[in-house]
Amino acid sequence: MRYPVLASVFLGSLALQTADPARTSITYEPGEGAGQGRHAVLLAGDEEYRSEEALPMLAKILSQRHGFRTTVLFSVDADGTIDPKNGRSLSNPAALDTADAVIMALRFRAWPDEDMARLERHLLSGKPIVALRTSTHAFAGFPKDSRWASWNYNHEGGFGKRVLGETWLTHWGRHKIEGTRGVVEDGQRDHPLLRSVANVFGDTDVYEAYPPDDATILMRGIVLQTLSPDAPPAAYVKRRATDNVEQDVNTPPMPIAWTRLHRSASGATSRILTTTMGSATDLENEGLRRLVVNGVYWSLGLDVPARADVAFVDPYEPSFYGFDGFRKGLRASDFELGKRVPGVPLPKPRSTPPAKG
């Protein structure tokens, strides 16, 4: 697996010192809905799957359709432009201090101590997390003598394994070639998180994943032969990363969504929803958006709607995933309500050579 390339400590610190938090994050004040009085903070920070495009879209839905106050934090450079590759940057981290729930789409971050401490306090207080795609390997690059070394994805699974239920293992489906069809786990159709969740599909591939015994698997992912939602299931044998045992790629399908309760060192318990889906293009799928919105309700102990409204608030035309293909020059202000994000989406390839992570 390719090791993460993190921005230097100097550049990351400079970005934090120079950029104005009020202009490098965006907050959506609540409309009508059951979320009144609750603050959801969304953490966008990955180099590949366009979280900087997806999380503002989700934040608008949660605020305008469901009444949550939402704030989206980004990775930014010193001039305030969004830079998903700046792994030490988290804009306006103080927003975490008032978060009732965190929704994260992170990959290989190494934030400064004070920002990591804010996320740690969130967990120590028993507050929930909804985690998307590469959040299983959210953190990397902390030195071995760092207080945060145990959060590295390659330190016995790190934050991902300990909190979310899994870390990075491998692409189980063929990356950028085979999509994912979600199927509900036997016995879970009536779970509140799955209310009106149907026809889940993503053009990202299935990750290899083995949630712990204390997790409740909600959905598994059928590896498809192509990136088309109506493609037939793939049929070939693959070796598992954990024990090198061969199995058919869809027998059984890998888990792609699960819940668990994480008990922190303080004794407080956080509700966790993890899905290994969640690219910006995956979230064009209504069923997946509804799973995430339902997850915010469930994580906060609110009644999950019979059919949560997940219609887009503003036009949503996400870029296809891939390294270095993110839209350059974007700022938090480009995601204000009523704005169409500038730029033309990149075309979706029919197939390309595999990449990692």
# chains A, B, ... in the order shown; residues from 1 in each chain; ligands from 1
$ select_by_dssp --residues "region 11-183 of chain A" --states "strand (DSSP E)" --output "mmCIF file with N, CA and C atoms, in the first residue's frame"
data_model
loop_
_atom_site.group_PDB
_atom_site.id
_atom_site.type_symbol
_atom_site.label_atom_id
_atom_site.label_comp_id
_atom_site.auth_asym_id
_atom_site.auth_seq_id
_atom_site.Cartn_x
_atom_site.Cartn_y
_atom_site.Cartn_z
ATOM 1 N N SER A 25 -14.360 27.605 7.071
ATOM 2 C CA SER A 25 -15.388 26.599 7.333
ATOM 3 C C SER A 25 -16.715 27.229 6.952
ATOM 4 N N ILE A 26 -17.748 26.423 6.941
ATOM 5 C CA ILE A 26 -19.058 26.985 6.601
ATOM 6 C C ILE A 26 -20.113 26.388 7.515
ATOM 7 N N THR A 27 -20.991 27.262 8.012
ATOM 8 C CA THR A 27 -22.069 26.848 8.903
ATOM 9 C C THR A 27 -23.406 27.144 8.244
ATOM 10 N N TYR A 28 -24.298 26.166 8.320
ATOM 11 C CA TYR A 28 -25.658 26.314 7.802
ATOM 12 C C TYR A 28 -26.604 26.366 8.994
ATOM 13 N N HIS A 39 -26.073 20.333 17.043
ATOM 14 C CA HIS A 39 -25.036 20.788 16.123
ATOM 15 C C HIS A 39 -24.277 19.587 15.585
ATOM 16 N N ALA A 40 -24.320 19.399 14.277
ATOM 17 C CA ALA A 40 -23.552 18.343 13.616
ATOM 18 C C ALA A 40 -22.356 18.984 12.924
ATOM 19 N N VAL A 41 -21.164 18.474 13.223
ATOM 20 C CA VAL A 41 -19.939 18.987 12.608
ATOM 21 C C VAL A 41 -19.417 17.927 11.652
ATOM 22 N N LEU A 42 -19.167 18.349 10.411
ATOM 23 C CA LEU A 42 -18.747 17.431 9.357
ATOM 24 C C LEU A 42 -17.291 17.709 9.015
ATOM 25 N N LEU A 43 -16.458 16.670 9.028
ATOM 26 C CA LEU A 43 -15.013 16.790 8.828
ATOM 27 C C LEU A 43 -14.649 16.261 7.454
ATOM 28 N N ALA A 44 -14.291 17.163 6.548
ATOM 29 C CA ALA A 44 -13.898 16.797 5.183
ATOM 30 C C ALA A 44 -12.377 16.840 5.105
ATOM 31 N N GLY A 45 -11.760 15.698 4.789
ATOM 32 C CA GLY A 45 -10.314 15.686 4.724
ATOM 33 C C GLY A 45 -9.772 14.407 4.126
ATOM 34 N N ARG A 69 -28.248 22.329 13.049
ATOM 35 C CA ARG A 69 -27.224 23.311 12.721
ATOM 36 C C ARG A 69 -25.995 22.525 12.300
ATOM 37 N N THR A 70 -25.429 22.852 11.156
ATOM 38 C CA THR A 70 -24.308 22.062 10.645
ATOM 39 C C THR A 70 -23.127 22.972 10.310
ATOM 40 N N THR A 71 -21.939 22.451 10.563
ATOM 41 C CA THR A 71 -20.704 23.154 10.226
ATOM 42 C C THR A 71 -19.778 22.174 9.518
ATOM 43 N N VAL A 72 -19.220 22.593 8.390
ATOM 44 C CA VAL A 72 -18.291 21.759 7.634
ATOM 45 C C VAL A 72 -16.886 22.338 7.784
ATOM 46 N N LEU A 73 -15.948 21.498 8.202
ATOM 47 C CA LEU A 73 -14.544 21.872 8.321
ATOM 48 C C LEU A 73 -13.760 21.207 7.191
ATOM 49 N N ALA A 101 -22.781 15.773 17.297
ATOM 50 C CA ALA A 101 -22.444 14.600 16.491
ATOM 51 C C ALA A 101 -21.375 15.011 15.487
ATOM 52 N N VAL A 102 -20.497 14.063 15.165
ATOM 53 C CA VAL A 102 -19.471 14.275 14.152
ATOM 54 C C VAL A 102 -19.721 13.331 12.992
ATOM 55 N N ILE A 103 -19.661 13.868 11.778
ATOM 56 C CA ILE A 103 -19.709 13.066 10.556
ATOM 57 C C ILE A 103 -18.352 13.250 9.891
ATOM 58 N N MET A 104 -17.637 12.171 9.676
ATOM 59 C CA MET A 104 -16.283 12.311 9.170
ATOM 60 C C MET A 104 -16.071 11.549 7.877
ATOM 61 N N ALA A 105 -15.265 12.152 6.995
ATOM 62 C CA ALA A 105 -14.764 11.501 5.786
ATOM 63 C C ALA A 105 -13.301 11.902 5.682
ATOM 64 N N LEU A 106 -12.458 11.191 6.407
ATOM 65 C CA LEU A 106 -11.051 11.542 6.580
ATOM 66 C C LEU A 106 -10.157 10.445 6.021
ATOM 67 N N ILE A 129 -20.314 9.307 16.404
ATOM 68 C CA ILE A 129 -19.608 9.520 15.146
ATOM 69 C C ILE A 129 -20.294 8.728 14.048
ATOM 70 N N VAL A 130 -20.480 9.379 12.909
ATOM 71 C CA VAL A 130 -20.897 8.716 11.672
ATOM 72 C C VAL A 130 -19.700 8.799 10.733
ATOM 73 N N ALA A 131 -19.173 7.652 10.321
ATOM 74 C CA ALA A 131 -17.898 7.601 9.603
ATOM 75 C C ALA A 131 -18.092 7.034 8.208
ATOM 76 N N LEU A 132 -17.492 7.712 7.215
ATOM 77 C CA LEU A 132 -17.631 7.337 5.811
ATOM 78 C C LEU A 132 -16.299 6.885 5.225
ATOM 79 N N THR A 180 -20.395 -1.331 -6.301
ATOM 80 C CA THR A 180 -20.941 -1.977 -5.107
ATOM 81 C C THR A 180 -22.462 -1.894 -5.105
ATOM 82 N N ARG A 181 -23.106 -3.016 -4.870
ATOM 83 C CA ARG A 181 -24.560 -3.046 -4.637
ATOM 84 C C ARG A 181 -24.810 -3.451 -3.197
ATOM 85 N N GLY A 182 -25.530 -2.629 -2.459
ATOM 86 C CA GLY A 182 -25.806 -2.918 -1.059
ATOM 87 C C GLY A 182 -26.958 -3.889 -0.895
ATOM 88 N N VAL A 183 -26.792 -4.867 -0.017
ATOM 89 C CA VAL A 183 -27.861 -5.807 0.333
ATOM 90 C C VAL A 183 -27.993 -5.817 1.851
#
$ residues_around --residues "region 289-296 of chain A" --least-positions-apart "3" --cutoff "7 Å" --atoms "only C-alpha atoms" --output "list in words"
Val130, Leu193, Leu194, Val197, Leu273, Leu283, Asn285, Glu286, Ser299, Leu300, Val304, Ala308 and Val310 of chain A
$ closest_residue --among "A:Ala235, A:Asp100, A:Asp248, A:Leu218" --to "Pro192 (chain A)" --atoms "only C-alpha atoms"
A:Leu218
$ select_by_dssp --residues "region 217-331 of chain A" --states "alpha helix (DSSP H)" --output "PDB file with N, CA, C and O atoms, in the first residue's frame"
ATOM      1  N   GLU A 286     -29.600   7.898  -3.601  1.00  0.00           N
ATOM      2  CA  GLU A 286     -30.564   8.307  -2.578  1.00  0.00           C
ATOM      3  C   GLU A 286     -30.555   7.383  -1.371  1.00  0.00           C
ATOM      4  O   GLU A 286     -30.654   7.824  -0.223  1.00  0.00           O
ATOM      5  N   GLY A 287     -30.442   6.081  -1.622  1.00  0.00           N
ATOM      6  CA  GLY A 287     -30.457   5.135  -0.514  1.00  0.00           C
ATOM      7  C   GLY A 287     -29.297   5.338   0.441  1.00  0.00           C
ATOM      8  O   GLY A 287     -29.462   5.268   1.668  1.00  0.00           O
ATOM      9  N   LEU A 288     -28.110   5.604  -0.105  1.00  0.00           N
ATOM     10  CA  LEU A 288     -26.954   5.826   0.749  1.00  0.00           C
ATOM     11  C   LEU A 288     -27.082   7.133   1.523  1.00  0.00           C
ATOM     12  O   LEU A 288     -26.745   7.196   2.718  1.00  0.00           O
ATOM     13  N   ARG A 289     -27.553   8.187   0.869  1.00  0.00           N
ATOM     14  CA  ARG A 289     -27.768   9.454   1.590  1.00  0.00           C
ATOM     15  C   ARG A 289     -28.748   9.249   2.742  1.00  0.00           C
ATOM     16  O   ARG A 289     -28.552   9.772   3.845  1.00  0.00           O
ATOM     17  N   ARG A 290     -29.793   8.471   2.504  1.00  0.00           N
ATOM     18  CA  ARG A 290     -30.785   8.252   3.568  1.00  0.00           C
ATOM     19  C   ARG A 290     -30.174   7.450   4.720  1.00  0.00           C
ATOM     20  O   ARG A 290     -30.474   7.715   5.889  1.00  0.00           O
ATOM     21  N   LEU A 291     -29.318   6.491   4.420  1.00  0.00           N
ATOM     22  CA  LEU A 291     -28.648   5.750   5.489  1.00  0.00           C
ATOM     23  C   LEU A 291     -27.835   6.702   6.364  1.00  0.00           C
ATOM     24  O   LEU A 291     -27.861   6.602   7.605  1.00  0.00           O
ATOM     25  N   VAL A 292     -27.112   7.631   5.748  1.00  0.00           N
ATOM     26  CA  VAL A 292     -26.290   8.565   6.514  1.00  0.00           C
ATOM     27  C   VAL A 292     -27.159   9.500   7.348  1.00  0.00           C
ATOM     28  O   VAL A 292     -26.893   9.735   8.538  1.00  0.00           O
ATOM     29  N   VAL A 293     -28.214  10.049   6.750  1.00  0.00           N
ATOM     30  CA  VAL A 293     -29.112  10.944   7.493  1.00  0.00           C
ATOM     31  C   VAL A 293     -29.789  10.181   8.627  1.00  0.00           C
ATOM     32  O   VAL A 293     -29.865  10.665   9.765  1.00  0.00           O
ATOM     33  N   ASN A 294     -30.280   8.985   8.347  1.00  0.00           N
ATOM     34  CA  ASN A 294     -30.849   8.155   9.411  1.00  0.00           C
ATOM     35  C   ASN A 294     -29.831   7.927  10.521  1.00  0.00           C
ATOM     36  O   ASN A 294     -30.171   7.902  11.713  1.00  0.00           O
ATOM     37  N   GLY A 295     -28.570   7.757  10.113  1.00  0.00           N
ATOM     38  CA  GLY A 295     -27.521   7.523  11.085  1.00  0.00           C
ATOM     39  C   GLY A 295     -27.319   8.679  12.038  1.00  0.00           C
ATOM     40  O   GLY A 295     -27.000   8.473  13.212  1.00  0.00           O
ATOM     41  N   VAL A 296     -27.481   9.906  11.562  1.00  0.00           N
ATOM     42  CA  VAL A 296     -27.357  11.060  12.441  1.00  0.00           C
ATOM     43  C   VAL A 296     -28.473  11.051  13.474  1.00  0.00           C
ATOM     44  O   VAL A 296     -28.233  11.261  14.677  1.00  0.00           O
ATOM     45  N   TYR A 297     -29.692  10.789  13.040  1.00  0.00           N
ATOM     46  CA  TYR A 297     -30.814  10.684  13.986  1.00  0.00           C
ATOM     47  C   TYR A 297     -30.536   9.596  15.022  1.00  0.00           C
ATOM     48  O   TYR A 297     -30.641   9.818  16.233  1.00  0.00           O
ATOM     49  N   TRP A 298     -30.216   8.400  14.533  1.00  0.00           N
ATOM     50  CA  TRP A 298     -29.991   7.255  15.433  1.00  0.00           C
ATOM     51  C   TRP A 298     -28.857   7.537  16.408  1.00  0.00           C
ATOM     52  O   TRP A 298     -28.952   7.232  17.601  1.00  0.00           O
ATOM     53  N   SER A 299     -27.778   8.121  15.912  1.00  0.00           N
ATOM     54  CA  SER A 299     -26.606   8.331  16.761  1.00  0.00           C
ATOM     55  C   SER A 299     -26.908   9.270  17.920  1.00  0.00           C
ATOM     56  O   SER A 299     -26.300   9.159  18.999  1.00  0.00           O
TER      57      SER A 299
END
$ closest_residue --among "A:Leu124, A:Leu119, A:Leu55, A:Val237" --to "Thr269 (chain A)" --atoms "only C-alpha atoms"
A:Leu124
$ residues_around --residues "Gln64 (chain A)" --least-positions-apart "5" --cutoff "9 Å" --atoms "only C-alpha atoms" --output "VMD selection string"
chain A and resid 28 to 33 59 69 313
$ atom_distance --atom1 "CA of Ile177 (chain A)" --atom2 "CA of Thr226 (chain A)"
5.6 Å
$ closest_residue --among "A:Asp243, A:Ser228, A:Leu90, A:Asp309" --to "Gly67 (chain A)" --atoms "only C-alpha atoms"
A:Asp309
$ residues_around --residues "Thr167 (chain A)" --least-positions-apart "4" --cutoff "7 Å" --atoms "only C-alpha atoms" --output "list in words"
Thr136, His137, Tyr153, Gly157, Gly160 and Lys161 of chain A
$ atom_distance --atom1 "CA of Arg239 (chain A)" --atom2 "CA of Ala209 (chain A)"
12.9 Å
$ closest_residue --among "A:Glu114, A:Asp314, A:Glu284, A:Asp230" --to "Leu96 (chain A)" --atoms "only C-alpha atoms"
A:Glu114
$ residues_around --residues "region 327-338 of chain A" --least-positions-apart "5" --cutoff "7 Å" --atoms "only C-alpha atoms" --output "number ranges by chain"
A: 23-26, 56, 80-82, 314, 343
$ residues_around --residues "His122 (chain A)" --least-positions-apart "4" --cutoff "8 Å" --atoms "only C-alpha atoms" --output "list in words"
Leu96, Asp97, Ala99, Arg118, Gly126, Lys127 and Pro128 of chain A
$ closest_residue --among "A:Pro232, A:Gly165, A:Gly87, A:Pro253" --to "Pro211 (chain A)" --atoms "only C-alpha atoms"
A:Gly165
